[in-house]
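Data first, discussion second: the structure below is written as structure tokens.
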Amino acid sequence: MGKITHFVHQSLDGFIEGPNGEFDWPRMDRELSAYSQSLTDSADIFLYGRVVWDMMSGYWPRAEEFSTHEHDLAFAPVWREASKVVVSSTLTEADWNTRVIGTDVVEQLTALKDGGAHLVLFGGSTLAGFLTAHQLIDEYQIFVHPVLLGGGKPVFTPQQRVDLSLVETRTFDSQVVLLRHARTVRPAQTA
């Protein structure tokens with residue numbers, strides 16, 4: 001059985017981007033980069049919503065032109081080669097080994113999981129909220145950065161209660177804290 005892991009960076013006050021859409025605050029040290037690489041190496045498919053896809057596909061195909069950071073240089077070829085899925089009602093096709101899912105999202109992602117695929121959902125709150133509501137995310141890996149943004153897009157959108165179990169906490173050299181939780185499967189209620 002496969003799984004979906006939600007991998008997201010957030011500020012201490014719970015935002016994935018600042019008030020003006022800024023995403024210049026995440027700290028990526030060697031230790032966090034190595035952890036991130038091990039997570040992405042375990043993935044069969046990188047999963048995105050359209051907004052995050054636009055950001056990723058605008059950067060990673062030509063990352064070497066924009067950055068000399070070790071993490072970027074190591075991840076760019078991995079990203080280009082990886083199998084990717086974008087969930088979007090507006091996109092019809094995408095480059096870079098990418099499949100677009102516009103309809104029957106729950107059924108198609110469930111089929112991938114049932115086929116044994118490990119999907120890593122990168123960032124985003126809309127798709128993460130949708131997948132959480134449909135109980136498709138099995139694990140949340142939230143990287144809390146030591147910054148207060150004072151507003152912006154929240155990491156989670158309002159939804160129903162979801163019980164989770166703490167699997168791991170870890171502090172990286174950059175003072176980023178990993179909060180890793182798994183969805184708790186509750187036993188069926190008997191009458």
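Please note that chains go A, B, ... in the order of the structure tokens, that every chain numbers its residues from 1, and that ligands are numbered from 1 in the order shown.
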
**Prompt:** Contacts of stretch 64-73 of chain A at 8 Å or less, counting only C-alpha atoms, minus same-chain residues fewer than 4 places along, as an NGL selection string?
**Reply:** :A and (28 or 30 or 33 or 59 or 77)

Would you output that residue set with C-alpha atoms, as a PDB file, in the first residue's frame?
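Result went into again.pdb, see below:
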ATOM      1  CA  MET A  28      17.793  25.422   3.934  1.00  0.00           C
ATOM      2  CA  ARG A  30      22.969  21.166   4.796  1.00  0.00           C
ATOM      3  CA  SER A  33      18.762  19.677   2.671  1.00  0.00           C
ATOM      4  CA  TYR A  59      12.236  27.564 -11.155  1.00  0.00           C
ATOM      5  CA  PRO A  77      18.213  17.301 -11.833  1.00  0.00           C
TER       6      PRO A  77
END

**Message:** List as a VMD selection string the protein and nucleic acid residues near A:Ser125, meaning an atom at most 7 Å away when only C-alpha atoms are counted, but skip any in the same chain fewer than 5 places from it.
**Reply:** chain A and resid 155 to 157

**Distance criterion (only C-alpha atoms): nearest to A:Asn97 out of A:Met55, A:Leu136, A:Leu47, A:Ala74** = A:Leu47

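Going from atom CA of A:Leu179 to atom CA of A:Ala111 covers 27.8 Å.
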
**Request:** Check chain A with DSSP on the backbone and list each residue it calls alpha helix (DSSP H), as a ChimeraX atom specification.
**Result:** /A:30-42,50-59,63-66,70-81,105-114,126-133

**Prompt:** Which value, in Å to one decimal, gives the distance between atom CA of A:Val87 and atom CA of A:Leu127?
**Reply:**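 Atom CA of A:Leu127 lies 7.7 Å from atom CA of A:Val87.
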
**Prompt:** Could you work out how far atom CA of A:His9 lies from atom CA of A:Glu168, giving the answer in Å with one decimal?
**Reply:** 16.0 Å
